[in-house]
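protein.txt (compact mmCIF, C-alpha atoms and all ligand atoms)
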# COMPACT_ATOMS: atom_id res chain seq x y z
CA MET A 111 -24.25 -14.77 -9.15
CA SER A 112 -20.70 -14.40 -10.48
CA TYR A 113 -17.33 -16.04 -9.96
CA ARG A 114 -14.37 -13.74 -9.61
CA VAL A 115 -10.71 -14.30 -8.86
CA GLY A 116 -8.66 -12.10 -6.54
CA PHE A 117 -4.90 -12.01 -6.08
CA ASP A 118 -3.17 -10.24 -3.21
CA ILE A 119 0.48 -9.89 -4.13
CA GLY A 120 2.71 -8.59 -1.38
CA GLY A 121 6.39 -8.47 -0.58
CA THR A 122 6.23 -11.64 1.53
CA LYS A 123 3.25 -13.65 0.23
CA ILE A 124 1.02 -14.14 -2.78
CA GLU A 125 -2.55 -15.14 -2.11
CA ALA A 126 -5.18 -16.21 -4.62
CA ALA A 127 -8.88 -16.77 -4.04
CA LEU A 128 -11.91 -17.83 -6.03
CA LEU A 129 -15.02 -16.04 -4.80
CA ARG A 130 -18.68 -16.41 -5.62
CA PHE A 131 -20.57 -13.12 -5.38
CA THR A 132 -24.31 -12.57 -5.14
CA ASP A 133 -25.93 -9.11 -4.92
CA SER A 134 -25.37 -8.72 -1.21
CA THR A 135 -22.75 -11.19 -0.16
CA PHE A 136 -19.87 -13.42 -1.22
CA GLU A 137 -18.43 -16.80 -0.47
CA VAL A 138 -14.81 -17.95 -0.66
CA ILE A 139 -14.70 -21.15 -2.76
CA PHE A 140 -10.94 -21.63 -2.73
CA ARG A 141 -8.00 -19.78 -1.24
CA ARG A 142 -4.28 -20.45 -1.27
CA ARG A 143 -1.21 -18.56 -0.12
CA VAL A 144 2.43 -19.06 -1.12
CA PRO A 145 5.62 -17.13 -0.28
CA THR A 146 6.57 -14.41 -2.79
CA ASP A 147 10.31 -15.16 -2.67
CA ARG A 148 10.81 -11.74 -4.20
CA GLU A 149 14.59 -12.15 -4.32
CA LYS A 150 14.02 -14.73 -7.11
CA GLY A 151 12.72 -11.97 -9.36
CA TYR A 152 9.81 -11.08 -11.59
CA ALA A 153 9.72 -14.24 -13.76
CA SER A 154 9.50 -16.44 -10.67
CA ILE A 155 6.63 -14.33 -9.29
CA LEU A 156 4.75 -14.63 -12.60
CA GLU A 157 5.22 -18.43 -12.48
CA LYS A 158 3.69 -18.51 -9.00
CA ILE A 159 0.74 -16.44 -10.13
CA LYS A 160 0.23 -18.76 -13.10
CA SER A 161 0.38 -21.87 -10.91
CA LEU A 162 -2.11 -20.41 -8.40
CA TYR A 163 -4.45 -19.48 -11.23
CA HIS A 164 -4.44 -23.07 -12.51
CA GLN A 165 -5.32 -24.27 -9.01
CA VAL A 166 -8.17 -21.74 -8.91
CA LEU A 167 -9.51 -23.04 -12.24
CA GLU A 168 -9.56 -26.59 -10.87
CA HIS A 169 -11.99 -25.41 -8.19
CA LEU A 170 -14.35 -23.61 -10.54
CA PRO A 171 -17.68 -25.49 -10.60
CA GLU A 172 -18.58 -27.14 -13.89
CA ASN A 173 -20.40 -25.02 -16.46
CA SER A 174 -19.34 -21.83 -14.66
CA LYS A 175 -17.11 -19.10 -15.97
CA ILE A 176 -14.84 -16.53 -14.39
CA GLU A 177 -16.21 -13.03 -14.72
CA SER A 178 -13.03 -11.16 -13.86
CA VAL A 179 -9.58 -11.35 -12.34
CA GLY A 180 -8.35 -8.60 -10.01
CA LEU A 181 -4.88 -8.14 -8.57
CA GLY A 182 -3.75 -6.08 -5.59
CA LEU A 183 -0.12 -5.08 -6.09
CA PRO A 184 2.46 -3.58 -3.73
CA GLY A 185 2.86 -0.18 -5.39
CA SER A 186 1.32 2.56 -7.52
CA ILE A 187 0.42 1.51 -11.04
CA ASP A 188 0.19 4.15 -13.76
CA PRO A 189 -3.37 4.00 -15.21
CA LYS A 190 -2.14 4.90 -18.72
CA THR A 191 1.11 2.93 -19.12
CA HIS A 192 0.22 0.05 -16.69
CA VAL A 193 3.76 0.24 -15.34
CA MET A 194 4.39 0.25 -11.60
CA HIS A 195 6.07 3.44 -10.42
CA ASN A 196 7.46 2.18 -7.14
CA GLY A 197 6.75 -0.21 -4.35
CA ASN A 198 8.37 -2.37 -1.73
CA THR A 199 8.72 -5.26 -4.20
CA ASN A 200 11.16 -3.91 -6.77
CA ALA A 201 10.59 -6.91 -9.03
CA PHE A 202 7.45 -5.24 -10.40
CA VAL A 203 8.84 -1.77 -10.96
CA GLY A 204 9.05 -0.90 -14.67
CA GLN A 205 7.44 -4.17 -15.88
CA ASN A 206 4.64 -4.22 -18.45
CA LEU A 207 1.98 -5.70 -16.21
CA LYS A 208 -0.79 -5.52 -18.79
CA LYS A 209 1.08 -7.67 -21.31
CA ASP A 210 2.11 -10.31 -18.76
CA PHE A 211 -1.24 -10.57 -16.99
CA THR A 212 -3.14 -10.74 -20.29
CA GLU A 213 -0.98 -13.75 -21.20
CA ILE A 214 -1.49 -15.54 -17.89
CA PHE A 215 -5.24 -14.90 -17.74
CA SER A 216 -5.92 -15.52 -21.42
CA GLY A 217 -9.60 -15.63 -22.27
CA ILE A 218 -10.60 -13.31 -19.40
CA SER A 219 -11.80 -9.97 -20.73
CA LYS A 220 -11.85 -8.12 -17.40
CA ILE A 221 -8.40 -8.05 -15.78
CA LYS A 222 -7.91 -5.23 -13.31
CA TRP A 223 -5.22 -4.28 -10.84
CA ALA A 224 -4.67 -1.69 -8.17
CA ASN A 225 -2.52 -0.77 -5.24
CA ASP A 226 -3.03 -3.26 -2.36
CA ALA A 227 -4.12 -0.53 0.07
CA ASN A 228 -6.88 0.51 -2.34
CA CYS A 229 -8.05 -3.12 -2.46
CA PHE A 230 -8.04 -3.31 1.33
CA ALA A 231 -10.07 -0.11 1.69
CA LEU A 232 -12.55 -1.14 -1.01
CA ALA A 233 -13.21 -4.55 0.57
CA GLU A 234 -13.71 -3.10 4.03
CA ALA A 235 -16.02 -0.34 2.75
CA ARG A 236 -18.23 -2.76 0.80
CA TYR A 237 -18.19 -5.92 2.91
CA GLY A 238 -16.40 -5.10 6.17
CA VAL A 239 -16.80 -2.22 8.60
CA GLY A 240 -18.63 -0.18 5.94
CA LEU A 241 -21.67 -2.44 6.33
CA GLU A 242 -21.93 -1.76 10.03
CA HIS A 243 -20.80 1.82 10.26
CA GLU A 244 -23.72 3.78 11.69
CA LYS A 245 -23.34 6.77 9.38
CA SER A 246 -22.69 4.88 6.17
CA HIS A 247 -24.58 6.42 3.30
CA PRO A 248 -24.16 6.13 -0.46
CA GLY A 249 -21.41 8.77 -0.63
CA ALA A 250 -19.64 7.91 2.64
CA ILE A 251 -15.96 8.81 2.77
CA ALA A 252 -13.66 6.21 4.26
CA VAL A 253 -9.90 6.18 4.66
CA GLY A 254 -8.28 2.74 4.84
CA ILE A 255 -4.79 2.66 6.31
CA ILE A 256 -2.48 -0.35 6.44
CA LEU A 257 -0.03 -0.24 9.33
CA GLY A 258 2.40 -2.94 8.26
CA THR A 259 6.00 -2.97 7.12
CA GLY A 260 5.12 0.34 5.51
CA CYS A 261 2.01 2.50 5.61
CA GLY A 262 -0.37 2.44 2.65
CA GLY A 263 -3.64 4.28 2.28
CA GLY A 264 -6.82 3.95 0.24
CA LEU A 265 -9.41 6.71 -0.12
CA ILE A 266 -12.99 5.60 -0.67
CA ILE A 267 -15.99 7.64 -1.71
CA GLY A 268 -19.15 5.57 -1.82
CA ASP A 269 -18.03 2.27 -3.25
CA HIS A 270 -15.12 3.48 -5.34
CA PHE A 271 -11.54 4.35 -4.50
CA ILE A 272 -9.77 7.43 -5.75
CA GLU A 273 -7.05 6.33 -8.16
CA GLY A 274 -5.43 9.69 -8.95
CA LYS A 275 -3.97 10.98 -12.21
CA ASN A 276 -0.91 8.70 -11.93
CA GLY A 277 -2.46 5.94 -9.84
CA ALA A 278 -0.80 7.28 -6.72
CA ALA A 279 -3.66 8.87 -4.74
CA GLY A 280 -3.75 7.75 -1.12
CA GLU A 281 0.01 7.55 -0.60
CA ILE A 282 -0.62 9.16 2.76
CA GLY A 283 2.27 7.35 4.41
CA HIS A 284 4.63 9.66 2.54
CA THR A 285 3.32 12.91 3.97
CA ILE A 286 5.58 14.58 6.52
CA LEU A 287 4.64 14.07 10.14
CA ILE A 288 7.89 15.25 11.76
CA PRO A 289 9.93 17.84 9.76
CA ASN A 290 13.55 16.69 9.38
CA GLY A 291 12.60 13.45 11.09
CA ARG A 292 13.51 9.86 10.29
CA PRO A 293 14.84 9.14 6.79
CA CYS A 294 12.40 7.38 4.46
CA PHE A 295 13.11 5.15 1.44
CA CYS A 296 11.22 7.68 -0.71
CA GLY A 297 13.96 10.25 -0.15
CA ARG A 298 12.15 12.56 2.27
CA ARG A 299 12.63 12.83 6.01
CA GLY A 300 9.93 12.47 8.63
CA CYS A 301 7.33 10.65 6.52
CA ALA A 302 4.36 9.35 8.52
CA GLU A 303 5.31 5.83 7.42
CA THR A 304 8.54 5.96 9.43
CA TYR A 305 6.51 6.64 12.61
CA ILE A 306 3.14 4.90 12.33
CA SER A 307 3.98 1.68 10.44
CA GLY A 308 4.94 -1.46 12.34
CA THR A 309 8.53 -0.67 11.39
CA GLY A 310 8.03 2.83 12.85
CA LEU A 311 7.12 1.29 16.20
CA GLU A 312 10.23 -0.92 16.06
CA ILE A 313 12.38 2.18 15.46
CA GLU A 314 10.60 4.00 18.30
CA TYR A 315 11.30 1.11 20.67
CA SER A 316 14.94 1.00 19.62
CA GLU A 317 15.30 4.76 20.20
CA VAL A 318 13.59 4.68 23.60
CA SER A 319 15.35 1.55 24.90
CA GLY A 320 18.77 2.03 23.33
CA LYS A 321 18.55 -1.57 22.08
CA PRO A 322 19.58 -2.31 18.48
CA LEU A 323 16.95 -2.05 15.77
CA GLY A 324 15.55 -5.47 14.98
CA ALA A 325 15.81 -6.70 18.57
CA SER A 326 12.00 -6.52 18.81
CA ASN A 327 9.37 -6.63 16.09
CA SER A 328 6.29 -4.48 16.55
CA ILE A 329 4.17 -7.28 18.03
CA ASN A 330 6.94 -8.10 20.56
CA VAL A 331 6.83 -4.47 21.69
CA PHE A 332 3.15 -4.87 22.61
CA GLU A 333 3.91 -8.13 24.41
CA LYS A 334 6.69 -6.44 26.40
CA ALA A 335 4.38 -3.56 27.32
CA ASN A 336 1.74 -6.03 28.49
CA ALA A 337 4.40 -7.69 30.63
CA GLY A 338 5.10 -4.28 32.23
CA GLU A 339 8.33 -3.23 30.50
CA ALA A 340 8.70 0.58 30.82
CA PHE A 341 10.59 1.12 27.52
CA ALA A 342 7.89 -0.69 25.57
CA LYS A 343 5.14 1.29 27.31
CA ILE A 344 6.81 4.61 26.45
CA ALA A 345 7.42 3.53 22.85
CA ILE A 346 3.74 2.64 22.43
CA LEU A 347 2.66 5.92 24.04
CA ASN A 348 4.83 7.86 21.59
CA TYR A 349 3.59 5.71 18.71
CA LYS A 350 -0.03 6.39 19.62
CA GLN A 351 0.60 10.12 19.82
CA HIS A 352 2.05 10.06 16.29
CA LEU A 353 -0.86 7.97 15.03
CA ALA A 354 -3.41 10.35 16.54
CA GLU A 355 -1.68 13.40 15.05
CA PHE A 356 -1.57 11.71 11.67
CA LEU A 357 -5.26 10.77 11.81
CA ALA A 358 -6.11 14.33 12.89
CA ASN A 359 -4.26 15.61 9.78
CA MET A 360 -6.20 13.16 7.60
CA THR A 361 -9.42 14.26 9.31
CA ASN A 362 -8.72 17.90 8.48
CA ILE A 363 -8.08 17.01 4.84
CA PHE A 364 -10.84 14.49 4.15
CA ASP A 365 -13.41 14.93 6.94
CA PRO A 366 -14.11 11.19 6.53
CA ASP A 367 -17.05 9.20 7.89
CA TYR A 368 -14.61 6.69 9.32
CA PHE A 369 -11.10 5.22 9.27
CA VAL A 370 -10.42 1.52 8.98
CA LEU A 371 -7.02 0.19 10.01
CA GLY A 372 -5.27 -2.92 8.71
CA GLY A 373 -1.85 -4.54 9.05
CA GLY A 374 -0.18 -6.19 12.03
CA VAL A 375 -0.35 -3.23 14.42
CA SER A 376 -4.10 -2.77 13.78
CA GLN A 377 -4.78 -6.08 15.55
CA GLN A 378 -3.59 -4.61 18.87
CA ALA A 379 -6.63 -3.45 20.86
CA SER A 380 -4.60 -0.99 22.94
CA ILE A 381 -3.90 1.37 20.03
CA TYR A 382 -7.61 2.29 19.86
CA GLU A 383 -7.82 3.33 23.54
CA GLY A 384 -8.20 7.11 23.71
CA LEU A 385 -7.41 7.49 20.00
CA GLU A 386 -10.68 9.15 18.91
CA LYS A 387 -10.53 11.50 21.90
CA THR A 388 -7.04 12.69 20.92
CA ILE A 389 -8.11 13.15 17.28
CA ARG A 390 -11.09 15.19 18.42
CA SER A 391 -8.84 17.46 20.49
CA GLN A 392 -6.72 18.17 17.40
CA ARG A 393 -9.26 18.55 14.64
CA LEU A 394 -10.19 22.00 13.43
CA ILE A 395 -13.92 21.98 14.03
CA PRO A 396 -15.38 21.18 17.46
CA VAL A 397 -17.19 17.97 16.56
CA GLU A 398 -16.63 14.30 17.30
CA SER A 399 -13.70 12.46 15.72
CA PRO A 400 -14.51 10.12 12.86
CA ARG A 401 -14.73 6.55 14.15
CA VAL A 402 -11.52 4.53 13.90
CA TYR A 403 -12.25 0.85 13.28
CA GLN A 404 -10.16 -2.26 13.32
CA ASN A 405 -10.71 -4.15 10.04
CA LYS A 406 -13.43 -6.83 9.94
CA LEU A 407 -12.19 -8.98 7.05
CA GLY A 408 -8.71 -9.54 8.49
CA ASP A 409 -6.18 -11.11 6.15
CA SER A 410 -8.81 -11.72 3.47
CA ALA A 411 -9.48 -8.04 2.74
CA GLY A 412 -6.72 -7.94 0.09
CA VAL A 413 -8.03 -10.78 -2.11
CA ILE A 414 -11.65 -9.74 -1.66
CA GLY A 415 -10.88 -6.15 -2.65
CA ALA A 416 -8.88 -7.38 -5.65
CA ALA A 417 -11.78 -9.57 -6.75
CA LEU A 418 -14.09 -6.54 -6.47
CA LEU A 419 -11.98 -4.52 -8.93
ZN ZN B 501 8.44 8.54 2.50
Could you render the structure from this file as structure tokens?
Amino acid sequence: MSYRVGFDIGGTKIEAALLRFTDSTFEVIFRRRVPTDREKGYASILEKIKSLYHQVLEHLPENSKIESVGLGLPGSIDPKTHVMHNGNTNAFVGQNLKKDFTEIFSGISKIKWANDANCFALAEARYGVGLEHEKSHPGAIAVGIILGTGCGGGLIIGDHFIEGKNGAAGEIGHTILIPNGRPCFCGRRGCAETYISGTGLEIEYSEVSGKPLGASNSINVFEKANAGEAFAKIAILNYKQHLAEFLANMTNIFDPDYFVLGGGVSQQASIYEGLEKTIRSQRLIPVESPRVYQNKLGDSAGVIGAALL
């Protein structure tokens, strides 16, 4: 039995959890979430992390100790310099994370961090859909994809994720889906992220309906489609076609055992209808599509994956 702490640090919220792990399962002892307020800057975010950590310690049972602290961060972290290359929360970019985290978590010898999508994929592979997937085997390949504000990816082999030379493996959202397509913050045009993220669906809806961007968030688009609105139905149809093409590309590269989807759009049951069939029609070899699963751990996947680091 071991006690581990996980942090899920995103652009909008910071979540901390104290978890008790046994060989085969885990239990959440304490969990708290606060807004990131990223406009207040890096020092303010560190203060929030420190305060959450003190609350975690108050919930640690007597005579127990914390084995490790893991943090899921919104960007790619260089494994050698421990500096974040980029991410949607600029406050972290260029900061010496190792120095600051070692100070906050003083006395803890194992402090690890990783991209939040890697944490998501790791948690789902070990304790989520990976447990139930019919073809799971010790070396199973899984691709975790977060369809949120952006599109992050985590590549899992067995029970490890692929970090990459610079900590940036799995940045599948920044592969081109439509040449010369929509502009992306990374500087390229037509990145998958600009089509298959929740934001991508909002742009699609705006293009199809002629309404200004921001008039509908991605979840509203599904609600409008359910209410019979033609624009919303077309936007979702286009979105699903992009998603299927993207997953077919990923299938041709990784030949994974399964995909697991996270983020707001992944909670919509209608995106899974017909998806595997379309992937199958587009993959190179004439075999079934990998299964595409909705996540099992929901919002908790981030902190659980971080604690598993
Ligand atoms: Zn991009």
Name the residues, using the chain letters and numbers of the file, that sit within 8 Å of (-6.8, 7.0, 9.5) when counting all atoms listed in the file, and give them as a PDB file with C-alpha atoms, keeping the file's coordinate frame.
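The new file out-v1.pdb reads:
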ATOM      1  CA  VAL A 253      -9.900   6.180   4.660  1.00  0.00           C
ATOM      2  CA  GLY A 254      -8.280   2.740   4.840  1.00  0.00           C
ATOM      3  CA  ILE A 255      -4.790   2.660   6.310  1.00  0.00           C
ATOM      4  CA  PHE A 356      -1.570  11.710  11.670  1.00  0.00           C
ATOM      5  CA  LEU A 357      -5.260  10.770  11.810  1.00  0.00           C
ATOM      6  CA  MET A 360      -6.200  13.160   7.600  1.00  0.00           C
ATOM      7  CA  THR A 361      -9.420  14.260   9.310  1.00  0.00           C
ATOM      8  CA  TYR A 368     -14.610   6.690   9.320  1.00  0.00           C
ATOM      9  CA  PHE A 369     -11.100   5.220   9.270  1.00  0.00           C
ATOM     10  CA  VAL A 370     -10.420   1.520   8.980  1.00  0.00           C
ATOM     11  CA  LEU A 371      -7.020   0.190  10.010  1.00  0.00           C
ATOM     12  CA  VAL A 402     -11.520   4.530  13.900  1.00  0.00           C
TER      13      VAL A 402
END
Within 6 Å of ligand ZN 501 (chain B) (only C-alpha atoms and all ligand atoms), residues as a count of residues only: 6
Gap from atom CA of A:Lys160 to atom CA of A:Val193 - Å, one decimal: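 Pair atom CA of A:Lys160 / atom CA of A:Val193 returns 19.5 Å.
Nearest to A:Leu418 of all the residues A:Leu265, A:Ile221, A:Ile251, A:Val375 is A:Ile221, based on all atoms listed in the file.
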Radius query 10 Å about (-0.9, -14.9, -16.9), atoms used: only C-alpha atoms, as a VMD selection string: chain A and resid 156 to 161 163 to 164 207 to 216
For atom CA of A:His169 and atom CA of A:Val138, the interatomic separation in Å (one decimal):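 We find that atom CA of A:His169 and atom CA of A:Val138 lie 11.0 Å from each other.
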Pairwise distance for atom CA of A:Leu241 and atom CA of A:Thr135, rounded to one decimal in Å: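 Interatomic distance here is 10.9 Å.
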Residue nearest A:Ser178 - candidates A:Ala345, A:Ile266, A:Ala233, A:Ile218, atoms counted: all atoms listed in the file: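 Closest residue, counting all atoms listed in the file: A:Ile218.
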Polymer residues at most 10 Å from A:Asn359, all atoms listed in the file, same-chain spacing of 4 or more positions, as a PyMOL selection string: chain A and resi 285+287+353-355+363-365+389+392-394
Best match for closeness to A:Asp226 among A:Gly310, A:Pro289, A:Gly182, A:Pro366, counting all atoms listed in the file: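 Among the listed residues, A:Gly182 lies closest to A:Asp226.
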Shortest interatomic distance to A:Asn200 - which of A:Pro396, A:Gly268, A:Gly121, A:Pro145, counting only C-alpha atoms: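 Closest residue, counting only C-alpha atoms: A:Gly121.
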Pick from A:Glu234, A:Glu333, A:Glu177, A:Asp367 nearest to A:Ser219, counting all atoms listed in the file: A:Glu177
For A:Arg143, work out the shell of residues within 12 Å, counting only C-alpha atoms and skipping chain neighbours fewer than 6 positions away, then give it as a short mmCIF file (atom, residue, chain, number, x, y, z; two decimals) with C-alpha atoms, in the coordinates of the input.
data_model
loop_
_atom_site.label_atom_id
_atom_site.label_comp_id
_atom_site.auth_asym_id
_atom_site.auth_seq_id
_atom_site.Cartn_x
_atom_site.Cartn_y
_atom_site.Cartn_z
CA GLY A 116 -8.66 -12.10 -6.54
CA PHE A 117 -4.90 -12.01 -6.08
CA ASP A 118 -3.17 -10.24 -3.21
CA ILE A 119 0.48 -9.89 -4.13
CA GLY A 120 2.71 -8.59 -1.38
CA THR A 122 6.23 -11.64 1.53
CA LYS A 123 3.25 -13.65 0.23
CA ILE A 124 1.02 -14.14 -2.78
CA GLU A 125 -2.55 -15.14 -2.11
CA ALA A 126 -5.18 -16.21 -4.62
CA ALA A 127 -8.88 -16.77 -4.04
CA LYS A 158 3.69 -18.51 -9.00
CA ILE A 159 0.74 -16.44 -10.13
CA SER A 161 0.38 -21.87 -10.91
CA LEU A 162 -2.11 -20.41 -8.40
CA TYR A 163 -4.45 -19.48 -11.23
CA GLN A 165 -5.32 -24.27 -9.01
CA VAL A 166 -8.17 -21.74 -8.91
CA ASP A 409 -6.18 -11.11 6.15
CA SER A 410 -8.81 -11.72 3.47
CA GLY A 412 -6.72 -7.94 0.09
CA VAL A 413 -8.03 -10.78 -2.11
#
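Residues in contact range of A:His195, defined as at most 7 Å between all atoms listed in the file, with sequence neighbours fewer than 2 positions away removed, read Gly185, Ser186, Ile187, Asp188, Val193, Val203 and Gly204 of chain A.
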For A:Ser154, the nearest of the candidates A:Ala201, A:Cys229, A:Thr388, A:Gly297, counting all atoms listed in the file: A:Ala201
Please report, as JSON, the centre and edge lengths in Å to one decimal of an axis-aligned box covering all listed atoms of stretch 212-221 of chain A with 4 Å per side.
{"center_x": -6.4, "center_y": -11.8, "center_z": -19.0, "size_x": 18.9, "size_y": 15.6, "size_z": 14.5}
Near stretch 376-379 of chain A, counting all atoms listed in the file, which residues have an atom at most 8 Å away, once you skip same-chain residues fewer than 2 positions from it, shown as a compact mmCIF listing (two decimals) with C-alpha atoms, in the coordinates of the input?
# COMPACT_ATOMS: atom_id res chain seq x y z
CA ILE A 256 -2.48 -0.35 6.44
CA LEU A 257 -0.03 -0.24 9.33
CA PHE A 332 3.15 -4.87 22.61
CA LEU A 371 -7.02 0.19 10.01
CA GLY A 372 -5.27 -2.92 8.71
CA GLY A 373 -1.85 -4.54 9.05
CA GLY A 374 -0.18 -6.19 12.03
CA ILE A 381 -3.90 1.37 20.03
CA TYR A 382 -7.61 2.29 19.86
CA GLU A 383 -7.82 3.33 23.54
CA GLN A 404 -10.16 -2.26 13.32
CA ASN A 405 -10.71 -4.15 10.04
